[in-house]
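One file, coords_29.txt, carrying compact mmCIF, C-alpha atoms:
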# COMPACT_ATOMS: atom_id res chain seq x y z
CA MET A 1 200.30 -89.14 31.80
CA THR A 2 198.22 -88.80 34.97
CA ARG A 3 199.54 -87.77 38.38
CA GLN A 4 198.86 -91.26 39.73
CA THR A 5 200.99 -92.80 36.96
CA ASP A 6 203.79 -90.33 37.66
CA LEU A 7 203.67 -91.21 41.36
CA ALA A 8 203.73 -94.95 40.68
CA LEU A 9 206.68 -94.62 38.29
CA THR A 10 208.63 -92.35 40.65
CA ALA A 11 208.03 -94.71 43.59
CA LEU A 12 210.15 -97.30 41.77
CA ALA A 13 213.24 -95.24 42.64
CA PRO A 14 213.01 -95.48 46.47
CA ALA A 15 211.86 -99.10 46.12
CA ILE A 16 215.16 -99.92 44.38
CA TRP A 17 217.13 -97.73 46.82
CA GLY A 18 215.87 -100.02 49.56
CA SER A 19 218.40 -102.58 48.34
CA THR A 20 221.34 -100.29 49.24
CA TYR A 21 221.68 -101.52 52.83
CA ILE A 22 221.68 -105.24 52.07
CA VAL A 23 224.06 -104.80 49.09
CA THR A 24 226.42 -102.62 51.15
CA THR A 25 226.60 -104.93 54.14
CA GLU A 26 226.62 -108.22 52.23
CA LEU A 27 228.71 -107.51 49.12
CA LEU A 28 230.90 -104.41 49.48
CA PRO A 29 234.21 -104.19 51.37
CA PRO A 30 233.86 -102.50 54.78
CA ASP A 31 235.30 -99.19 55.98
CA HIS A 32 235.36 -97.47 52.58
CA PRO A 33 232.18 -95.36 52.50
CA LEU A 34 233.64 -92.58 50.35
CA GLY A 35 235.36 -94.99 47.97
CA MET A 36 232.20 -97.02 47.49
CA ALA A 37 230.15 -93.86 46.92
CA MET A 38 232.71 -92.63 44.37
CA LEU A 39 232.70 -95.94 42.49
CA ARG A 40 228.90 -95.83 42.44
CA ALA A 41 228.68 -92.29 41.05
CA LEU A 42 231.67 -91.42 38.88
CA PRO A 43 231.77 -94.33 36.37
CA ALA A 44 228.00 -94.16 35.87
CA GLY A 45 228.06 -90.38 35.35
CA LEU A 46 230.99 -90.43 32.91
CA LEU A 47 229.47 -93.32 30.95
CA LEU A 48 226.18 -91.47 30.60
CA ILE A 49 227.88 -88.26 29.46
CA LEU A 50 229.87 -90.27 26.90
CA LEU A 51 226.69 -91.85 25.56
CA LEU A 52 224.56 -88.70 25.63
CA ARG A 53 227.34 -86.40 24.34
CA GLN A 54 225.93 -83.35 26.06
CA MET A 55 228.04 -81.29 28.44
CA PRO A 56 226.59 -78.68 30.83
CA PRO A 57 226.89 -75.05 29.72
CA ARG A 58 229.65 -73.11 31.49
CA ARG A 59 227.13 -70.91 33.31
CA TRP A 60 225.58 -74.05 34.84
CA LEU A 61 228.81 -75.59 36.15
CA GLY A 62 228.60 -74.00 39.61
CA ARG A 63 225.02 -75.15 40.09
CA ILE A 64 225.72 -78.64 38.76
CA PHE A 65 228.66 -79.13 41.15
CA LEU A 66 226.63 -77.82 44.08
CA LEU A 67 223.74 -80.16 43.24
CA GLY A 68 226.16 -83.04 42.68
CA ALA A 69 227.72 -82.35 46.08
CA LEU A 70 224.35 -82.29 47.86
CA ASN A 71 222.63 -85.17 46.04
CA PHE A 72 225.61 -87.49 45.70
CA THR A 73 228.90 -86.46 47.36
CA LEU A 74 227.48 -85.61 50.77
CA PHE A 75 224.34 -87.75 50.64
CA TRP A 76 226.01 -90.96 49.48
CA GLY A 77 229.06 -90.40 51.66
CA PHE A 78 226.82 -89.99 54.71
CA LEU A 79 224.60 -92.87 53.55
CA PHE A 80 227.46 -95.36 53.30
CA LEU A 81 228.97 -94.12 56.58
CA ALA A 82 225.63 -94.58 58.37
CA ALA A 83 225.18 -98.02 56.77
CA TYR A 84 228.61 -99.11 58.01
CA ARG A 85 228.29 -97.71 61.57
CA LEU A 86 224.61 -98.27 62.36
CA PRO A 87 222.14 -101.13 62.13
CA GLY A 88 220.09 -100.74 58.97
CA GLY A 89 216.98 -99.97 60.99
CA VAL A 90 218.52 -97.02 62.81
CA ALA A 91 220.00 -95.63 59.59
CA ALA A 92 216.66 -95.94 57.79
CA THR A 93 214.79 -94.22 60.63
CA LEU A 94 217.20 -91.28 60.59
CA GLY A 95 216.84 -91.03 56.82
CA ALA A 96 213.07 -90.93 57.23
CA VAL A 97 213.39 -87.43 58.72
CA GLN A 98 214.08 -86.15 55.19
CA PRO A 99 210.41 -85.39 54.27
CA LEU A 100 210.19 -82.92 57.16
CA PHE A 101 213.34 -81.18 55.95
CA VAL A 102 211.93 -81.04 52.40
CA LEU A 103 208.60 -79.57 53.50
CA PHE A 104 210.23 -76.73 55.43
CA LEU A 105 212.92 -76.05 52.79
CA SER A 106 210.28 -76.01 50.03
CA ARG A 107 208.37 -73.37 51.97
CA ALA A 108 211.51 -71.30 52.60
CA LEU A 109 213.12 -71.53 49.14
CA LEU A 110 210.22 -72.20 46.76
CA GLY A 111 207.33 -70.55 48.59
CA SER A 112 205.40 -73.83 48.58
CA ALA A 113 202.49 -74.30 50.93
CA THR A 114 203.05 -76.64 53.88
CA PRO A 115 199.68 -78.18 54.81
CA PRO A 116 199.54 -79.35 58.44
CA VAL A 117 198.25 -82.71 57.21
CA ALA A 118 201.45 -83.16 55.18
CA ILE A 119 203.53 -82.57 58.32
CA LEU A 120 201.34 -85.09 60.16
CA ALA A 121 201.89 -87.60 57.35
CA ALA A 122 205.67 -87.09 57.58
CA LEU A 123 205.63 -87.63 61.34
CA ALA A 124 203.46 -90.73 60.93
CA GLY A 125 205.88 -92.04 58.31
CA ILE A 126 208.83 -91.60 60.68
CA GLY A 127 206.93 -93.50 63.36
CA GLY A 128 206.00 -96.23 60.88
CA VAL A 129 209.61 -96.62 59.78
CA GLY A 130 210.65 -96.87 63.44
CA LEU A 131 208.14 -99.67 64.04
CA LEU A 132 209.22 -101.34 60.82
CA VAL A 133 212.98 -101.43 61.30
CA LEU A 134 214.03 -100.61 64.87
CA SER A 135 214.82 -103.34 67.37
CA PRO A 136 215.46 -103.10 71.15
CA GLU A 137 219.09 -104.17 70.74
CA ALA A 138 219.86 -101.46 68.13
CA GLN A 139 223.05 -99.63 69.08
CA LEU A 140 223.31 -95.86 68.63
CA ASP A 141 226.72 -94.78 67.35
CA PRO A 142 227.07 -90.94 67.55
CA VAL A 143 229.04 -90.66 64.31
CA GLY A 144 226.52 -92.87 62.52
CA ILE A 145 223.60 -90.82 63.86
CA ALA A 146 225.22 -87.57 62.69
CA ALA A 147 225.85 -89.15 59.27
CA GLY A 148 222.22 -90.31 58.97
CA LEU A 149 220.83 -86.87 59.80
CA GLY A 150 223.42 -85.15 57.60
CA GLY A 151 222.49 -87.34 54.66
CA ALA A 152 218.78 -86.60 55.10
CA ALA A 153 219.42 -82.84 55.25
CA SER A 154 221.78 -82.93 52.27
CA MET A 155 219.40 -84.73 49.95
CA ALA A 156 216.46 -82.60 51.12
CA LEU A 157 218.30 -79.41 50.15
CA GLY A 158 219.50 -81.02 46.93
CA MET A 159 215.94 -81.97 45.97
CA VAL A 160 214.58 -78.49 46.57
CA LEU A 161 217.40 -76.78 44.67
CA SER A 162 217.11 -79.32 41.83
CA ARG A 163 213.50 -78.21 41.40
CA ARG A 164 214.50 -74.54 41.55
CA TRP A 165 217.38 -74.96 39.06
CA THR A 166 216.03 -77.51 36.57
CA PRO A 167 217.94 -77.05 33.27
CA PRO A 168 216.23 -77.38 29.87
CA VAL A 169 217.56 -80.92 29.28
CA SER A 170 216.24 -84.44 29.79
CA ALA A 171 216.12 -85.99 33.25
CA LEU A 172 218.77 -88.52 32.13
CA THR A 173 221.18 -85.75 31.10
CA PHE A 174 220.55 -83.87 34.36
CA THR A 175 221.28 -87.11 36.23
CA ALA A 176 224.52 -87.70 34.29
CA TRP A 177 225.86 -84.22 35.04
CA GLN A 178 225.17 -84.52 38.76
CA LEU A 179 226.56 -88.06 39.03
CA ALA A 180 229.81 -87.04 37.34
CA ALA A 181 230.15 -83.89 39.45
CA GLY A 182 229.40 -85.74 42.68
CA GLY A 183 231.83 -88.53 41.80
CA LEU A 184 234.61 -86.08 40.91
CA LEU A 185 234.20 -84.40 44.29
CA LEU A 186 234.27 -87.78 46.06
CA LEU A 187 237.48 -88.94 44.35
CA PRO A 188 240.02 -86.74 46.22
CA LEU A 189 238.15 -87.23 49.50
CA ALA A 190 238.31 -91.02 49.16
CA LEU A 191 242.01 -90.93 48.27
CA TRP A 192 242.84 -88.59 51.14
CA LEU A 193 240.66 -89.86 53.98
CA GLU A 194 240.50 -93.60 53.42
CA PRO A 195 243.02 -96.43 53.08
CA PRO A 196 243.60 -97.88 49.60
CA LEU A 197 240.74 -99.96 48.28
CA PRO A 198 241.23 -103.71 48.48
CA ALA A 199 240.89 -105.88 45.40
CA LEU A 200 237.22 -106.14 44.54
CA ASP A 201 235.87 -109.67 44.29
CA ARG A 202 233.02 -110.74 42.03
CA GLY A 203 230.39 -110.02 44.67
CA ALA A 204 231.65 -106.46 45.19
CA LEU A 205 231.70 -105.82 41.43
CA ILE A 206 228.14 -107.12 41.07
CA GLY A 207 227.07 -104.93 43.99
CA LEU A 208 228.67 -101.82 42.50
CA LEU A 209 227.15 -102.52 39.08
CA TRP A 210 223.72 -102.84 40.67
CA LEU A 211 224.12 -99.69 42.77
CA GLY A 212 225.59 -97.72 39.87
CA LEU A 213 223.30 -98.72 37.01
CA ALA A 214 219.99 -99.61 38.66
CA GLY A 215 220.50 -97.70 41.93
CA ALA A 216 221.87 -94.54 40.32
CA VAL A 217 221.40 -94.12 36.56
CA LEU A 218 217.91 -95.60 36.29
CA THR A 219 216.48 -94.49 39.61
CA TYR A 220 217.79 -90.94 39.60
CA ALA A 221 216.60 -90.35 36.05
CA ILE A 222 213.14 -91.47 37.22
CA TRP A 223 213.49 -89.40 40.40
CA PHE A 224 214.51 -86.13 38.69
CA ARG A 225 211.75 -86.61 36.12
CA GLY A 226 209.24 -86.97 38.95
CA LEU A 227 210.78 -83.99 40.73
CA ALA A 228 210.14 -81.76 37.72
CA ARG A 229 206.56 -83.02 37.31
CA LEU A 230 205.41 -83.43 40.92
CA GLY A 231 207.57 -81.20 43.11
CA PRO A 232 209.90 -82.01 46.00
CA ALA A 233 207.23 -82.21 48.71
CA SER A 234 205.30 -84.99 46.95
CA LEU A 235 208.48 -86.92 46.22
CA SER A 236 209.82 -86.63 49.77
CA VAL A 237 206.92 -88.68 51.16
CA LEU A 238 207.66 -91.41 48.63
CA GLY A 239 211.02 -91.81 50.34
CA PHE A 240 209.27 -93.90 53.01
CA VAL A 241 209.01 -96.66 50.40
CA SER A 242 212.79 -97.21 50.70
CA PRO A 243 212.93 -98.66 54.25
CA LEU A 244 209.77 -100.65 53.54
CA SER A 245 211.49 -102.13 50.50
CA ALA A 246 214.61 -102.86 52.58
CA VAL A 247 212.58 -104.86 55.14
CA LEU A 248 210.70 -106.78 52.44
CA LEU A 249 213.99 -107.62 50.70
CA GLY A 250 215.39 -108.88 54.00
CA TRP A 251 212.31 -111.06 54.40
CA ALA A 252 212.41 -112.35 50.81
CA ILE A 253 216.19 -112.78 50.37
CA ALA A 254 217.68 -113.24 53.83
CA GLY A 255 214.82 -115.27 55.27
CA GLN A 256 214.00 -112.69 57.96
CA THR A 257 210.60 -112.89 59.65
CA LEU A 258 208.05 -110.11 59.90
CA SER A 259 206.82 -109.44 63.44
CA PRO A 260 203.38 -107.96 64.23
CA GLN A 261 205.14 -104.69 65.07
CA GLN A 262 206.72 -104.61 61.62
CA ILE A 263 203.41 -105.35 59.92
CA ILE A 264 201.84 -102.42 61.80
CA GLY A 265 204.83 -100.29 60.79
CA ALA A 266 204.45 -101.26 57.14
CA ALA A 267 200.75 -100.36 57.21
CA THR A 268 201.59 -97.04 58.87
CA VAL A 269 204.21 -96.26 56.22
CA LEU A 270 201.78 -96.99 53.39
CA GLY A 271 199.10 -94.92 55.11
CA SER A 272 201.49 -91.98 55.56
CA VAL A 273 202.43 -92.08 51.86
CA TRP A 274 198.76 -92.01 50.88
CA LEU A 275 197.96 -89.24 53.39
CA GLY A 276 200.93 -87.15 52.25
CA GLN A 277 199.95 -87.41 48.59
CA TRP A 278 196.35 -86.54 49.45
CA ALA A 279 197.45 -83.47 51.42
CA LEU A 280 199.81 -82.30 48.65
CA ARG A 281 197.53 -82.96 45.70
CA PRO A 282 197.11 -79.94 43.41
CA ALA A 283 193.94 -77.94 43.83
CA PRO A 284 191.40 -78.51 41.04
CA ALA A 285 191.38 -75.80 38.43
CA ARG A 286 188.45 -73.43 38.73
CA PRO A 287 186.39 -72.85 35.60
CA ALA A 288 186.83 -69.42 34.04
CA PRO A 289 183.93 -67.08 34.77
CA GLN A 290 181.48 -66.77 31.91
CA PRO A 291 180.69 -63.29 30.60
CA ALA A 292 177.26 -61.98 31.47
CA PRO A 293 174.78 -62.13 28.59
CA LEU A 294 174.14 -58.86 26.77
CA ARG A 295 170.77 -57.34 27.42
CA ALA A 296 168.70 -55.90 24.65
CA ALA A 297 168.49 -52.12 24.72
Please render this file's structure as structure tokens.
Amino acid sequence: MTRQTDLALTALAPAIWGSTYIVTTELLPPDHPLGMAMLRALPAGLLLILLLRQMPPRRWLGRIFLLGALNFTLFWGFLFLAAYRLPGGVAATLGAVQPLFVLFLSRALLGSATPPVAILAALAGIGGVGLLVLSPEAQLDPVGIAAGLGGAASMALGMVLSRRWTPPVSALTFTAWQLAAGGLLLLPLALWLEPPLPALDRGALIGLLWLGLAGAVLTYAIWFRGLARLGPASLSVLGFVSPLSAVLLGWAIAGQTLSPQQIIGAATVLGSVWLGQWALRPAPARPAPQPAPLRAA
């Protein structure tokens, strides 16, 4: 499979994640960010483990729980909190800082090169997301801002460590372990910090099924597969597809209009993704030197 095919397949994950904001605000009960994150992660993770029948080795438990905490407990908890307390545009713009975090963490923890063009692409992507989703009347809630930045930092570190600690199992099994670990860590937090969950209506159940099966099991299996094949820096730039998808879903489903500013933002986001992938493409392999011909004595 070519690198371009891997990129296209992996980009499906952030495209589906773009539905998180509209599902959260339109279908899920408010003021339960930890409970919603737990219900998204834990049932999906336990179901996958039951189907796959493969438990993590004891020596991997510490790493799995740390990765589950970073990629799901903290990230999803912050994500839902930001979605509840901020307009979707502000939350998406804060989340767009993640590629910068990934680039610098990859250099610090993996020794990866950080081309200046890749940093420029990340900055351009943040600007494009701002044009795409921010509005003049957007309100800035301090707790929501801290949650948005915390979520971006958490997933960035989780991505880099997931590449450093990839176990010799399938991407689906790796996803199941982390989902279950992240959900188990969310369970006591939700019970302790939040009021009891209200009865879930049909819309909330449909939303949780979508976020758990399509938005977690499918997408994270694709994402961790791409992480192992492409590296965290290349995947981080694909994250800009998520807010673009969110805006297009709002236009297609909620009847929202696209302003000239948003069209420019969308073009900027697509350009930053292309520029980032160009900057982070692997160097072509050099042909092995040929031995010099033997001379006759």
**Study point:** Nearest to Arg40 in chain A by atom-to-atom distance, counting only C-alpha atoms, from A:Thr25, A:Ser245, A:Ser234, A:Thr20
**Key:** A:Thr20
Centre, x/y/z edge lengths, axis-aligned box for range 228-234 of chain A with 8 Å per side, as lines of an AutoDock Vina configuration file:
center_x = 207.7
center_y = -83.1
center_z = 43.0
size_x = 20.8
size_y = 19.8
size_z = 27.4
Check your understanding: Contacts of Gln178 in chain A at 8 Å or less, counting all atoms listed in the file, minus same-chain residues fewer than 4 places along, as JSON, numbers by chain?
Key -> {"A": [45, 64, 65, 67, 68, 71, 72, 174, 182]}
With C-alpha atoms retained, write the just-selected residues as a short mmCIF file (atom, residue, chain, number, x, y, z; two decimals), in the coordinates of the input.
data_model
loop_
_atom_site.label_atom_id
_atom_site.label_comp_id
_atom_site.auth_asym_id
_atom_site.auth_seq_id
_atom_site.Cartn_x
_atom_site.Cartn_y
_atom_site.Cartn_z
CA GLY A 45 228.06 -90.38 35.35
CA ILE A 64 225.72 -78.64 38.76
CA PHE A 65 228.66 -79.13 41.15
CA LEU A 67 223.74 -80.16 43.24
CA GLY A 68 226.16 -83.04 42.68
CA ASN A 71 222.63 -85.17 46.04
CA PHE A 72 225.61 -87.49 45.70
CA PHE A 174 220.55 -83.87 34.36
CA GLY A 182 229.40 -85.74 42.68
#
Review point. Using all atoms listed in the file, which of the listed residues (A:Ile263, A:Pro195, A:Thr73, A:Phe224) sits closest to Ala180 in chain A?
Key: A:Thr73
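Here the question is which of A:Ala82, A:Gly203, A:Asp31, A:Thr24 gets nearest to Pro142 in chain A using only C-alpha atoms, and that residue is A:Ala82.
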Practice item. Please indicate the distance in Å from CA of Ile49 in chain A to CA of Trp210 in chain A, rounded to one decimal place. Key: 18.9 Å
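Minimum distance to Phe80 in chain A across A:Pro43, A:Gly151, A:Gly125, A:Gly62 (counting all atoms listed in the file) occurs at A:Gly151.
Distances here use only C-alpha atoms; by that measure, the residue among A:Gly130, A:Gly265, A:Gly77, A:Gly231 closest to Leu103 in chain A is A:Gly231.
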